[in-house]
Amino acid sequence: MNGKKTVQEAFNETAYRIAGNGNRDVQVLKEALAAVENSTASDIYGTGEVIEDFQTKMANILGKETAVFFPSGTMAQQIALRIWCDEKEVKKVAYHPLCHLEIHEQDGLKELHHIEPILLADKNRLITLEDVANLKEDIACLLLELPQREIGGQLPEYTELEAISAHCRARGIKLHLDGARLFEILPYYGKSAAEISALFDSVYISFYKGIGGIAGAILAGSEDLTKQSKIWKRRHGGDLISLYPYIISSDYYYQQREGNMQQYYEGAKELAAWVNQCHDVTTLPAQPVSNMFHMHFQMSKEQI
């Protein structure tokens, strides 16, 4: 043994972790279920009080007519884009080159739905209004990810976001929000989740990232959108007999952590300021706009 550890091994042995909400072990579920009555009925194939109440709650928080709980965001987002493409009868959508659908889903959008993605902007920067206005292709939907995870969690200015939304609506282009980390950006924008969601026709949020639940996602929008999404959810195999462990943990940890996002944001800014004082290490963005940033080392992997 040469005494060297992998990054993952070193992370696993770290006493104080700055990323995430702690260990992802069975205690996460046990804590969420601790106060739940034994007589609480499970959901059954997408129906029942436990799922319907949570869907209504999240629809209200996001300011949308209705919402549907999905076991995964991958499923929810592909389905949203499919519905918008079918509505317009155009099998093209636009998104960032480093969008989750493009680099993390084994081409599911293309292989399962035969939808052609149009990649907007250089991979190292955000999509701008100019990029959208200069589109040469007829598209059904534009997807924006807030924050843009693969480039350090960058965000457009809110006025730019409003301008893109207005442009899309004027041209009949649906606007979808990949809001996996939507709650984490509220402190920077100084807006509510409903105010930001109002700029979009459909919204996806995750419950295992900043919220720290087990798994699960919400897709919110109009009643027609969610009605169709339930059909596609069944087609995708997303209607498990019961999803209540995911739903209960999502609701529990949402209540525990949605009020902490300002604290997480301030902590990220403080940490980034310290990191940027280190030799040959910088953060992107230089000052975080959420509780996320990337660290760049100006040296070889061997030196690191």
# chains A, B, ... in the order shown; residues from 1 in each chain; ligands from 1
call {"tool": "residues_around", "arguments": {"residues": "Ile139 of chain A", "least_positions_apart": "3", "cutoff": "10 Å", "atoms": "only C-alpha atoms", "output": "list in words"}}
result
Trp84, Cys85, Lys88, Glu89, Val90, Lys91, Lys92, Val93, Ala94, Glu116, Pro117, Ile118, Leu135, Lys136, Leu142, Gly172, Ile173 and Lys174 of chain A
call {"tool": "residues_around", "arguments": {"residues": "Glu150 of chain A", "least_positions_apart": "3", "cutoff": "12 Å", "atoms": "only C-alpha atoms", "output": "NGL selection string"}}
result
:A and (96-100 or 102-104 or 123-126 or 145-147 or 153-155 or 284-285 or 292-295)
call {"tool": "closest_atom_pairs", "arguments": {"of": "segment 101-143 of chain A", "to": "segment 235-245 of chain A", "cutoff": "12 Å", "atoms": "only C-alpha atoms", "output": "Markdown table"}}
result
| residue | atom | partner | partner_atom | distance |
| --- | --- | --- | --- | --- |
| A:Gly108 | CA | A:His236 | CA | 11.5 |
| A:Leu112 | CA | A:His236 | CA | 9.8 |
| A:His113 | CA | A:His236 | CA | 11.2 |
call {"tool": "closest_residue", "arguments": {"among": "A:Glu223, A:Gln228, A:Tyr208, A:Gln287", "to": "Gly20 of chain A", "atoms": "only C-alpha atoms"}}
result
A:Tyr208
call {"tool": "select_by_dssp", "arguments": {"residues": "segment 69-172 of chain A", "states": "strand (DSSP E or B)", "output": "list in words"}}
result
Phe69, Phe70, Lys92, Val93, Ala94, Tyr95, Glu116, Pro117, Ile118, Leu119, Cys141, Leu142, Leu143, Leu144, Glu145, Gln148 and Gln154 of chain A
call {"tool": "write_last_selection", "arguments": {"atoms": "N, CA, C and O atoms", "output": "CSV table (one decimal), in the first residue's frame"}}
result
chain,number,residue,atom,x,y,z
A,69,PHE,N,-46.3,14.0,-8.4
A,69,PHE,CA,-45.1,13.4,-7.8
A,69,PHE,C,-44.6,12.3,-8.7
A,69,PHE,O,-45.3,11.4,-9.1
A,70,PHE,N,-43.3,12.4,-9.0
A,70,PHE,CA,-42.6,11.3,-9.8
A,70,PHE,C,-41.4,10.7,-9.0
A,70,PHE,O,-40.9,11.4,-8.1
A,92,LYS,N,-38.7,19.1,-31.5
A,92,LYS,CA,-37.4,19.7,-31.2
A,92,LYS,C,-37.5,20.6,-29.9
A,92,LYS,O,-38.5,21.3,-29.7
A,93,VAL,N,-36.5,20.5,-29.1
A,93,VAL,CA,-36.4,21.3,-27.9
A,93,VAL,C,-35.0,21.9,-27.8
A,93,VAL,O,-34.1,21.3,-28.4
A,94,ALA,N,-34.9,23.0,-27.1
A,94,ALA,CA,-33.5,23.6,-26.9
A,94,ALA,C,-33.1,23.7,-25.5
A,94,ALA,O,-34.0,23.9,-24.6
A,95,TYR,N,-31.8,23.4,-25.2
A,95,TYR,CA,-31.3,23.5,-23.9
A,95,TYR,C,-29.8,23.7,-23.9
A,95,TYR,O,-29.2,23.6,-25.0
A,116,GLU,N,-35.4,15.8,-30.9
A,116,GLU,CA,-34.1,16.3,-31.2
A,116,GLU,C,-33.8,17.5,-30.4
A,116,GLU,O,-34.5,18.5,-30.4
A,117,PRO,N,-32.7,17.5,-29.6
A,117,PRO,CA,-32.3,18.6,-28.9
A,117,PRO,C,-31.4,19.6,-29.7
A,117,PRO,O,-30.6,19.2,-30.5
A,118,ILE,N,-31.7,20.9,-29.5
A,118,ILE,CA,-30.9,22.0,-30.1
A,118,ILE,C,-30.1,22.6,-29.0
A,118,ILE,O,-30.6,23.1,-28.0
A,119,LEU,N,-28.8,22.5,-29.1
A,119,LEU,CA,-27.9,22.9,-28.0
A,119,LEU,C,-27.6,24.4,-28.2
A,119,LEU,O,-27.1,24.9,-29.2
A,141,CYS,N,-40.1,23.8,-27.2
A,141,CYS,CA,-39.8,24.2,-25.8
A,141,CYS,C,-38.4,24.5,-25.6
A,141,CYS,O,-37.5,24.0,-26.2
A,142,LEU,N,-38.2,25.5,-24.7
A,142,LEU,CA,-36.8,25.8,-24.2
A,142,LEU,C,-36.7,25.4,-22.8
A,142,LEU,O,-37.6,25.7,-21.9
A,143,LEU,N,-35.7,24.7,-22.4
A,143,LEU,CA,-35.4,24.3,-21.0
A,143,LEU,C,-34.3,25.1,-20.5
A,143,LEU,O,-33.2,25.3,-21.1
A,144,LEU,N,-34.5,25.7,-19.3
A,144,LEU,CA,-33.5,26.5,-18.6
A,144,LEU,C,-33.3,25.8,-17.2
A,144,LEU,O,-34.2,25.4,-16.5
A,145,GLU,N,-32.0,25.6,-16.9
A,145,GLU,CA,-31.7,25.0,-15.6
A,145,GLU,C,-31.2,26.1,-14.7
A,145,GLU,O,-30.3,26.9,-15.0
A,148,GLN,N,-27.2,26.6,-13.1
A,148,GLN,CA,-26.6,25.8,-14.1
A,148,GLN,C,-25.5,25.0,-13.5
A,148,GLN,O,-24.4,25.4,-13.3
A,154,GLN,N,-24.0,28.7,-11.9
A,154,GLN,CA,-24.2,30.1,-12.3
A,154,GLN,C,-25.7,30.4,-12.6
A,154,GLN,O,-26.5,29.5,-12.9
call {"tool": "closest_residue", "arguments": {"among": "A:Tyr189, A:Trp232, A:Phe297, A:Tyr265", "to": "Ala80 of chain A", "atoms": "only C-alpha atoms"}}
result
A:Trp232
call {"tool": "residues_around", "arguments": {"residues": "segment 164-167 of chain A", "least_positions_apart": "6", "cutoff": "8 Å", "atoms": "only C-alpha atoms", "output": "PyMOL selection string"}}
result
chain A and resi 128-129+132-133+175+199-200
call {"tool": "write_last_selection", "arguments": {"atoms": "N, CA and C atoms", "output": "tab-separated table (two decimals), in the first residue's frame"}}
result
chain	number	residue	atom	x	y	z
A	128	THR	N	-28.34	33.02	-23.10
A	128	THR	CA	-28.78	34.41	-23.03
A	128	THR	C	-30.00	34.63	-23.91
A	129	LEU	N	-30.63	35.79	-23.75
A	129	LEU	CA	-31.75	36.16	-24.61
A	129	LEU	C	-31.31	36.19	-26.07
A	132	VAL	N	-31.41	32.78	-27.61
A	132	VAL	CA	-32.77	32.34	-27.89
A	132	VAL	C	-33.35	33.08	-29.09
A	133	ALA	N	-33.10	34.39	-29.16
A	133	ALA	CA	-33.63	35.21	-30.26
A	133	ALA	C	-33.02	34.81	-31.59
A	175	LEU	N	-41.75	27.26	-22.04
A	175	LEU	CA	-40.54	27.42	-21.25
A	175	LEU	C	-40.63	26.48	-20.04
A	199	LEU	N	-42.71	32.50	-14.42
A	199	LEU	CA	-42.08	32.78	-15.72
A	199	LEU	C	-42.08	31.55	-16.63
A	200	PHE	N	-42.43	30.39	-16.09
A	200	PHE	CA	-42.30	29.12	-16.80
A	200	PHE	C	-43.66	28.44	-16.96
call {"tool": "atom_distance", "arguments": {"atom1": "atom CA of Ser229 of chain A", "atom2": "atom CA of Gln78 of chain A"}}
result
10.0 Å
call {"tool": "closest_residue", "arguments": {"among": "A:Val203, A:Ile247, A:Ala32, A:Ile127", "to": "Gly46 of chain A", "atoms": "only C-alpha atoms"}}
result
A:Ile247
call {"tool": "select_by_dssp", "arguments": {"residues": "segment 62-265 of chain A", "states": "alpha helix (DSSP H)", "output": "PyMOL selection string"}}
result
chain A and resi 62+73-88+100-103+108-113+129-133+158-170+182-189+193-197+223-235+244-257+261-265
call {"tool": "residues_around", "arguments": {"residues": "Ile196 of chain A", "least_positions_apart": "5", "cutoff": "10 Å", "atoms": "only C-alpha atoms", "output": "list in words"}}
result
Leu62, Gly63, Tyr158, Leu161, Glu162, Leu177, Gly179, Leu182, Ile185, Leu186, Tyr189, Gly190, Lys191 and Val203 of chain A
call {"tool": "atom_distance", "arguments": {"atom1": "atom CA of Ser250 of chain A", "atom2": "atom CA of Phe11 of chain A"}}
result
25.4 Å
call {"tool": "closest_residue", "arguments": {"among": "A:Ile79, A:Ala10, A:Ala272, A:Val36", "to": "Ile218 of chain A", "atoms": "only C-alpha atoms"}}
result
A:Ile79
call {"tool": "atom_distance", "arguments": {"atom1": "atom CA of Asp43 of chain A", "atom2": "atom CA of Arg257 of chain A"}}
result
24.4 Å
call {"tool": "residues_around", "arguments": {"residues": "Lys227 of chain A", "least_positions_apart": "5", "cutoff": "12 Å", "atoms": "only C-alpha atoms", "output": "PyMOL selection string"}}
result
chain A and resi 46+65-68+79-80+83+219-222+232-234
call {"tool": "closest_residue", "arguments": {"among": "A:Ala163, A:Ile248, A:Ala273, A:Ala286", "to": "Val50 of chain A", "atoms": "only C-alpha atoms"}}
result
A:Ile248
call {"tool": "decode", "arguments": {"residues": "segment 283-299 of chain A", "atoms": "all heavy atoms", "output": "mmCIF file, in the first residue's frame"}}
result
data_model
loop_
_atom_site.group_PDB
_atom_site.id
_atom_site.type_symbol
_atom_site.label_atom_id
_atom_site.label_comp_id
_atom_site.auth_asym_id
_atom_site.auth_seq_id
_atom_site.Cartn_x
_atom_site.Cartn_y
_atom_site.Cartn_z
ATOM 1 N N THR A 283 -12.598 29.767 -7.277
ATOM 2 C CA THR A 283 -13.951 29.222 -7.363
ATOM 3 C C THR A 283 -14.664 29.793 -8.585
ATOM 4 O O THR A 283 -14.365 30.883 -9.057
ATOM 5 C CB THR A 283 -14.776 29.563 -6.108
ATOM 6 O OG1 THR A 283 -15.034 30.981 -6.054
ATOM 7 C CG2 THR A 283 -14.073 29.097 -4.854
ATOM 8 N N LEU A 284 -15.634 29.019 -9.057
ATOM 9 C CA LEU A 284 -16.513 29.462 -10.132
ATOM 10 C C LEU A 284 -17.946 29.213 -9.681
ATOM 11 O O LEU A 284 -18.311 28.060 -9.414
ATOM 12 C CB LEU A 284 -16.234 28.674 -11.426
ATOM 13 C CG LEU A 284 -17.096 29.053 -12.640
ATOM 14 C CD1 LEU A 284 -16.700 30.445 -13.145
ATOM 15 C CD2 LEU A 284 -16.967 28.025 -13.757
ATOM 16 N N PRO A 285 -18.736 30.288 -9.547
ATOM 17 C CA PRO A 285 -18.411 31.719 -9.696
ATOM 18 C C PRO A 285 -17.459 32.184 -8.579
ATOM 19 O O PRO A 285 -17.336 31.526 -7.550
ATOM 20 C CB PRO A 285 -19.776 32.407 -9.541
ATOM 21 C CG PRO A 285 -20.807 31.342 -9.657
ATOM 22 C CD PRO A 285 -20.156 30.088 -9.188
ATOM 23 N N ALA A 286 -16.816 33.342 -8.808
ATOM 24 C CA ALA A 286 -15.914 33.877 -7.795
ATOM 25 C C ALA A 286 -16.674 34.137 -6.499
ATOM 26 O O ALA A 286 -16.178 33.859 -5.409
ATOM 27 C CB ALA A 286 -15.266 35.167 -8.304
ATOM 28 N N GLN A 287 -17.888 34.687 -6.631
ATOM 29 C CA GLN A 287 -18.799 34.778 -5.486
ATOM 30 C C GLN A 287 -20.043 33.979 -5.817
ATOM 31 O O GLN A 287 -20.747 34.294 -6.771
ATOM 32 C CB GLN A 287 -19.185 36.224 -5.172
ATOM 33 C CG GLN A 287 -20.160 36.304 -3.995
ATOM 34 C CD GLN A 287 -20.310 37.704 -3.445
ATOM 35 O OE1 GLN A 287 -19.320 38.364 -3.123
ATOM 36 N NE2 GLN A 287 -21.547 38.170 -3.329
ATOM 37 N N PRO A 288 -20.322 32.920 -5.080
ATOM 38 C CA PRO A 288 -21.462 32.048 -5.398
ATOM 39 C C PRO A 288 -22.788 32.803 -5.421
ATOM 40 O O PRO A 288 -22.968 33.800 -4.718
ATOM 41 C CB PRO A 288 -21.440 31.022 -4.266
ATOM 42 C CG PRO A 288 -20.033 31.023 -3.772
ATOM 43 C CD PRO A 288 -19.557 32.437 -3.921
ATOM 44 N N VAL A 289 -23.709 32.287 -6.249
ATOM 45 C CA VAL A 289 -25.054 32.859 -6.331
ATOM 46 C C VAL A 289 -26.083 31.886 -5.738
ATOM 47 O O VAL A 289 -27.286 32.138 -5.786
ATOM 48 C CB VAL A 289 -25.419 33.237 -7.777
ATOM 49 C CG1 VAL A 289 -24.586 34.414 -8.241
ATOM 50 C CG2 VAL A 289 -25.217 32.050 -8.726
ATOM 51 N N SER A 290 -25.594 30.778 -5.231
ATOM 52 C CA SER A 290 -26.429 29.822 -4.494
ATOM 53 C C SER A 290 -25.497 29.101 -3.527
ATOM 54 O O SER A 290 -24.379 29.553 -3.296
ATOM 55 C CB SER A 290 -27.113 28.827 -5.441
ATOM 56 O OG SER A 290 -26.167 27.934 -6.002
ATOM 57 N N ASN A 291 -25.928 27.957 -2.989
ATOM 58 C CA ASN A 291 -25.046 27.211 -2.092
ATOM 59 C C ASN A 291 -24.197 26.217 -2.883
ATOM 60 O O ASN A 291 -23.899 25.128 -2.416
ATOM 61 C CB ASN A 291 -25.854 26.482 -1.016
ATOM 62 C CG ASN A 291 -26.852 25.498 -1.608
ATOM 63 O OD1 ASN A 291 -27.339 25.693 -2.711
ATOM 64 N ND2 ASN A 291 -27.160 24.444 -0.884
ATOM 65 N N MET A 292 -23.822 26.610 -4.099
ATOM 66 C CA MET A 292 -23.021 25.755 -4.969
ATOM 67 C C MET A 292 -21.907 26.567 -5.621
ATOM 68 O O MET A 292 -22.103 27.712 -5.995
ATOM 69 C CB MET A 292 -23.905 25.155 -6.081
ATOM 70 C CG MET A 292 -23.118 24.414 -7.156
ATOM 71 S SD MET A 292 -24.150 23.976 -8.578
ATOM 72 C CE MET A 292 -25.155 22.702 -7.843
ATOM 73 N N PHE A 293 -20.732 25.975 -5.721
ATOM 74 C CA PHE A 293 -19.675 26.529 -6.559
ATOM 75 C C PHE A 293 -18.698 25.416 -6.884
ATOM 76 O O PHE A 293 -18.669 24.366 -6.231
ATOM 77 C CB PHE A 293 -18.955 27.707 -5.882
ATOM 78 C CG PHE A 293 -18.295 27.393 -4.568
ATOM 79 C CD1 PHE A 293 -17.021 26.834 -4.512
ATOM 80 C CD2 PHE A 293 -18.937 27.690 -3.373
ATOM 81 C CE1 PHE A 293 -16.411 26.553 -3.301
ATOM 82 C CE2 PHE A 293 -18.329 27.416 -2.139
ATOM 83 C CZ PHE A 293 -17.070 26.848 -2.105
ATOM 84 N N HIS A 294 -17.909 25.616 -7.928
ATOM 85 C CA HIS A 294 -16.863 24.674 -8.305
ATOM 86 C C HIS A 294 -15.509 25.234 -7.890
ATOM 87 O O HIS A 294 -15.308 26.453 -7.884
ATOM 88 C CB HIS A 294 -16.866 24.430 -9.813
ATOM 89 C CG HIS A 294 -17.998 23.569 -10.280
ATOM 90 N ND1 HIS A 294 -18.176 23.210 -11.593
ATOM 91 C CD2 HIS A 294 -19.020 22.986 -9.594
ATOM 92 C CE1 HIS A 294 -19.255 22.443 -11.701
ATOM 93 N NE2 HIS A 294 -19.780 22.302 -10.501
ATOM 94 N N MET A 295 -14.586 24.331 -7.565
ATOM 95 C CA MET A 295 -13.219 24.730 -7.243
ATOM 96 C C MET A 295 -12.294 24.317 -8.388
ATOM 97 O O MET A 295 -12.343 23.180 -8.847
ATOM 98 C CB MET A 295 -12.761 24.080 -5.934
ATOM 99 C CG MET A 295 -13.495 24.594 -4.713
ATOM 100 S SD MET A 295 -13.135 23.644 -3.197
ATOM 101 C CE MET A 295 -11.361 23.860 -3.071
ATOM 102 N N HIS A 296 -11.478 25.255 -8.846
ATOM 103 C CA HIS A 296 -10.536 24.999 -9.933
ATOM 104 C C HIS A 296 -9.108 25.091 -9.395
ATOM 105 O O HIS A 296 -8.722 26.102 -8.798
ATOM 106 C CB HIS A 296 -10.745 26.000 -11.074
ATOM 107 C CG HIS A 296 -12.030 25.788 -11.819
ATOM 108 N ND1 HIS A 296 -12.075 25.257 -13.086
ATOM 109 C CD2 HIS A 296 -13.321 26.000 -11.460
ATOM 110 C CE1 HIS A 296 -13.336 25.167 -13.485
ATOM 111 N NE2 HIS A 296 -14.111 25.621 -12.519
ATOM 112 N N PHE A 297 -8.353 24.019 -9.613
ATOM 113 C CA PHE A 297 -6.965 23.957 -9.160
ATOM 114 C C PHE A 297 -6.034 24.159 -10.359
ATOM 115 O O PHE A 297 -6.146 23.429 -11.344
ATOM 116 C CB PHE A 297 -6.668 22.594 -8.519
ATOM 117 C CG PHE A 297 -7.454 22.333 -7.260
ATOM 118 C CD1 PHE A 297 -8.764 21.900 -7.308
ATOM 119 C CD2 PHE A 297 -6.863 22.522 -6.018
ATOM 120 C CE1 PHE A 297 -9.480 21.658 -6.153
ATOM 121 C CE2 PHE A 297 -7.572 22.271 -4.847
ATOM 122 C CZ PHE A 297 -8.876 21.859 -4.909
ATOM 123 N N GLN A 298 -5.157 25.134 -10.266
ATOM 124 C CA GLN A 298 -4.222 25.426 -11.347
ATOM 125 C C GLN A 298 -2.961 24.575 -11.188
ATOM 126 O O GLN A 298 -1.865 25.087 -11.001
ATOM 127 C CB GLN A 298 -3.868 26.917 -11.365
ATOM 128 C CG GLN A 298 -5.079 27.847 -11.398
ATOM 129 C CD GLN A 298 -6.002 27.561 -12.565
ATOM 130 O OE1 GLN A 298 -5.541 27.389 -13.696
ATOM 131 N NE2 GLN A 298 -7.305 27.522 -12.304
ATOM 132 N N MET A 299 -3.155 23.254 -11.247
ATOM 133 C CA MET A 299 -2.024 22.346 -11.090
ATOM 134 C C MET A 299 -2.441 20.981 -11.607
ATOM 135 O O MET A 299 -3.613 20.751 -11.932
ATOM 136 C CB MET A 299 -1.597 22.258 -9.615
ATOM 137 C CG MET A 299 -2.706 21.814 -8.681
ATOM 138 S SD MET A 299 -2.258 21.940 -6.914
ATOM 139 C CE MET A 299 -2.424 23.699 -6.632
#
